[in-house]
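Step one of this worksheet: look at the structure below.
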Amino acid sequence: MHESEKRCLESCSNNDPEEEPPSKRSISDDLEEEPPSKIATTRYRFFGDIPDGVWNDWKWQFRNKITRVEQLTQFIPLSTEEQAQLRLVTMRYPMSVTPYYLSLINPDDPDDPIRKQAIPSIMEMTMGSMGVEDPLGEREDTVVPGLVHRYPDRVLLVLTDICAMLCRHCTRKREWRNGGWVRSPAEVAAMLDYISQHKAVRDVIISGGDPLTLSTHHLEDLISRIREIKHVEIIRIGTRFPVVLPQRIDNELCSMLAKYGPIWLNTHFNHVREITPEAAEACDRLLRSGVPVNNQSVLLRGINDSVEAQTKLCHGLLKIKVRPYYLFQCDEVQGTEHLRTPVEVGIKIIEGMRGHTSGLAVPTFVIDLPHGGGKVPLQPNYILAQTEGELVLRNYEERVFHYRNPTPLARPESPAEVLCPAGSATASLPREPAANLG
Ligand code: SF4
C-alpha cells in the first residue's frame, strides 16, 4: 500500500464507524436475485473465513485490496501466459480491486462483465497506441492545481488520485502512475480561494480519484469550508464507492453529509449485477440523509453494450431509487480502446429503450468532447421530414405521425400597445396569425 493510502486510513482510524443499527426493513427483500446466489457463492468460496464484521469494515476492505497478479491467481484461474501478460500490463496500468468487488466476479467466466471492469487485459497494451492520455483536456482547464474550471457556473475539484478500485476504462488512467497523492492543505486553500473570488460558481463538484478514500473528518473539513462560500449553491460528490465498496457509505459519513446539504452524489454503476443488497443499502442510507443519488454509467464493449443490459441496469437503479442520469460514450483514453463501442451502438440502445420503458429509466447518452468541448447529448432521429408548418415524426413503434407546428406569434412592438391606451380595445393587439386569435 502506498504511503498516501496509509495516511488516509490512519486518519480514518480515529473515526471508527458507528455500529450499523439493525435495518428496519432490508432493501435486499426488494431485489431480484441476479444472477442466483453467485455473489454469495464467490464470497464464501474465497473469503469464507472472514467474519461479517471484518468483511463489512471498509477499512479492512481498503487495506486488503488485490493489487498483485500472485494474489489474483488465488481467486481466478489464470494460465502462465495470462499471468505473464497481466504482469506486463500492471507495470504500466496497475490493478486494485476490493475483496468485495472481486466477490462479485464469476471466476469461471472469462467474459464476466464485472471481471472486465476490474481485471487488466493485455489489450490495454496491444491497442495502447490508440487514444490520448487526457482526452477531455482537463490539464488545459486547470486554473489552480486540482481545480478545473470549464463551464462558467461550476468547478471540479480533483482532491486525490487514490481510488478504492482502478476501473479499466477510467478517464483519468494517466494519473495511476503518479503513485497516490492527496492535495496538500495549501493546495486546498488555493482552490477555496479561487472559488471565493469567482462569484459565478454556484456548483462545486468534488472528485478524484475517489474523494471518499479520504476520511470523513478530512471531507467534512473541506465541505464545511465550501459551505461558508455564500454563492456556492450545491455541492456534488463523484464517487464509485457505492458500487465497489458500499460499506464506506456508513452512518458517520451520511450524518456528516446531511449537515451540509444540498449535496448530490453521482455514482457509477455499469451493470445490474453491481446492484447488490450492500449497494442498495448504501444508496438508501444516502437518500435517507437527504443526498440524491444519480448514476453515470459508461458504455463498455462486452459489459453493457446491449439494450437488454442497459434496461436491466436502469430498472435495477430505479428500484433502489437511483436516477439513471448519463450514459457516457467511453472516452478516447489510452489503454481503453478494447472497451470502446461505435457511437451508433449507444444511439441504438437509447432507441431500444425510449418508449419501450418509462422515460425515467432512459439515461441521456452523451459524448464528452475532446479538448474540453463539454458534453453533447446524442439521440435517435425521430424527425422524418419538416416543413414550415408541420413535422413528420416516427414513434418508437416506427409509426408515422404528422404534427402541426404552431407559427410563432408576432410580438407586439411595445408593451404600451398591448395596454391599448389610445382608446381602442383591439387596435394594437398582434394581428398575426389571425386564426390564432379566434
Ligand atoms: S473510481 Fe472513478 S476515478 Fe477511480 S478508477 Fe474508477 S473510474 Fe477512475
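Residues in the C-alpha cells are numbered from 1 in each chain, the chains being A, B, ... in the order shown, and ligands are numbered from 1 in the order shown.
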Could I get the residue neighbourhood of ligand 1 at 6 Å, counting only C-alpha atoms and all ligand atoms, as a list in words?
->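 After applying the 6 Å limit, what remains is Cys163, Met165, Leu166, Cys167, Cys170, Arg172, Gly208, Gly209, Asp210 and Arg240 of chain A.
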Taking the chain letters and numbering used in this document, name the residues of range 126-243 of chain A that DSSP puts in strand (DSSP E), as a PyMOL selection string.
-> chain A and resi 142-144+147-151+154-158+203-207+234-238
For the residues in that selection, give me C-alpha atoms as a tab-separated table (two decimals), in the first residue's frame.
chain	number	residue	atom	x	y	z
A	142	THR	CA	-6.89	23.58	-14.70
A	143	VAL	CA	-6.72	27.09	-13.27
A	144	VAL	CA	-5.09	26.26	-9.94
A	147	LEU	CA	-9.29	22.85	-9.82
A	148	VAL	CA	-10.76	22.50	-13.30
A	149	HIS	CA	-12.91	25.46	-14.41
A	150	ARG	CA	-14.52	24.74	-17.78
A	151	TYR	CA	-18.13	25.91	-17.51
A	154	ARG	CA	-19.31	25.13	-11.92
A	155	VAL	CA	-15.88	23.86	-10.98
A	156	LEU	CA	-14.35	20.43	-10.48
A	157	LEU	CA	-12.04	19.72	-7.54
A	158	VAL	CA	-9.65	16.81	-8.07
A	203	ASP	CA	-21.92	24.34	-8.22
A	204	VAL	CA	-18.79	22.61	-6.87
A	205	ILE	CA	-18.05	19.03	-7.89
A	206	ILE	CA	-15.74	17.10	-5.57
A	207	SER	CA	-13.99	14.34	-7.44
A	234	ILE	CA	-24.86	22.99	-4.48
A	235	ILE	CA	-22.05	20.52	-3.87
A	236	ARG	CA	-21.75	17.34	-5.88
A	237	ILE	CA	-19.61	14.34	-5.00
A	238	GLY	CA	-18.42	11.97	-7.72
Between CA of Asp305 in chain A and CA of Thr341 in chain A, what is the spacing in Å?
-> 7.7 Å
Rank nothing, just name the residue among A:Ser129, A:Thr239, A:Asn295, A:Ser289 nearest to Ile275 in chain A, using only C-alpha atoms.
-> A:Asn295
Can you pull out every residue within 9 Å of range 390-407 of chain A, counting only C-alpha atoms, but drop anything in the same chain fewer than 6 positions away, and send it as a CSV table (one decimal) with C-alpha atoms, in the first residue's frame?
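Contents of part-v3.csv, freshly written:
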chain,number,residue,atom,x,y,z
A,351,GLU,CA,-33.7,3.9,-29.4
A,352,GLY,CA,-34.4,0.4,-28.0
A,353,MET,CA,-35.3,1.9,-24.6
A,354,ARG,CA,-37.2,5.0,-25.4
A,355,GLY,CA,-40.9,4.3,-25.4
A,356,HIS,CA,-40.3,0.6,-24.5
A,381,ASN,CA,-33.5,10.9,-35.1
A,382,TYR,CA,-37.3,10.9,-34.8
A,383,ILE,CA,-37.9,13.7,-37.3
A,384,LEU,CA,-38.5,12.2,-40.8
A,433,PRO,CA,-51.7,34.9,-37.2
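Using only C-alpha atoms, the smallest distance between any of A:Asn266, A:Thr73, A:Thr90, A:Thr171 and Glu138 in chain A comes from A:Thr171.
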Separation of CA of Arg340 in chain A from CA of Asp112 in chain A, in Å and rounded to one decimal =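 Between CA of Arg340 in chain A and CA of Asp112 in chain A the gap works out to 16.6 Å.
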For the atom pair CA of Leu360 in chain A and CA of Arg288 in chain A, what is the interatomic distance in Å to one decimal place?
->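 So the answer is 20.5 Å.
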Out of A:Gly128, A:Pro377, A:Pro324, A:Pro370, which residue has the shortest atom-to-atom distance to Ile347 in chain A when counting only C-alpha atoms?
->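 Of all the options, A:Pro377 lies closest to Ile347 in chain A.
Close contacts of Trp58 in chain A, defined as residues with an atom at most 10 Å away when counting only C-alpha atoms, with chain neighbours fewer than 4 positions off set aside, comprise Leu9, Pro17, Val54, Phe62, Arg63, Asn64, Thr98, Tyr100, Ala164, Phe241, Leu245, Pro246, Gln247, Arg248, Ile249 and Asp250 of chain A.
Shortest atom-to-atom contact with Gly302 in chain A among A:Leu253, A:Val345, A:Leu287, A:Ala186: A:Val345, counting only C-alpha atoms.
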Counting only C-alpha atoms, what is within 12 Å of Val343 in chain A, bar same-chain residues fewer than 5 positions away, as an MDAnalysis selection string?
-> chainID A and resid 299:301 305 327:332 348:350 365:368 377:380
Residues near Asn178 in chain A, anyone? I mean within 12 Å using only C-alpha atoms, not counting same-chain ones fewer than 2 positions away, as a PDB file with C-alpha atoms, in the first residue's frame.
ATOM      1  CA  HIS A   2       1.283   3.437  -0.902  1.00  0.00           C
ATOM      2  CA  SER A   4      -0.725   8.291   0.939  1.00  0.00           C
ATOM      3  CA  ARG A  92       2.013   0.395 -16.876  1.00  0.00           C
ATOM      4  CA  TYR A  93      -1.580   0.319 -15.611  1.00  0.00           C
ATOM      5  CA  PRO A  94      -1.756  -1.013 -12.034  1.00  0.00           C
ATOM      6  CA  THR A 160      -6.712  12.832  -4.785  1.00  0.00           C
ATOM      7  CA  ASP A 161      -5.725  10.215  -7.341  1.00  0.00           C
ATOM      8  CA  ILE A 162      -6.478   7.341  -4.963  1.00  0.00           C
ATOM      9  CA  ARG A 172      -8.005   9.595 -15.585  1.00  0.00           C
ATOM     10  CA  LYS A 173      -5.895   6.475 -16.138  1.00  0.00           C
ATOM     11  CA  ARG A 174      -2.970   8.813 -16.744  1.00  0.00           C
ATOM     12  CA  GLU A 175      -2.928   9.596 -13.002  1.00  0.00           C
ATOM     13  CA  TRP A 176      -2.359   5.985 -11.961  1.00  0.00           C
ATOM     14  CA  GLY A 180      -1.045   8.106  -4.881  1.00  0.00           C
ATOM     15  CA  TRP A 181      -1.393  11.699  -3.776  1.00  0.00           C
ATOM     16  CA  VAL A 182      -3.800  13.831  -1.772  1.00  0.00           C
ATOM     17  CA  GLY A 209      -9.585   9.651  -7.962  1.00  0.00           C
TER      18      GLY A 209
END
Selected residue of minimal separation from Asp134 in chain A among A:Lys59, A:His371, A:His169, A:Lys321, counting only C-alpha atoms |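 Nearest to Asp134 in chain A: A:His371.
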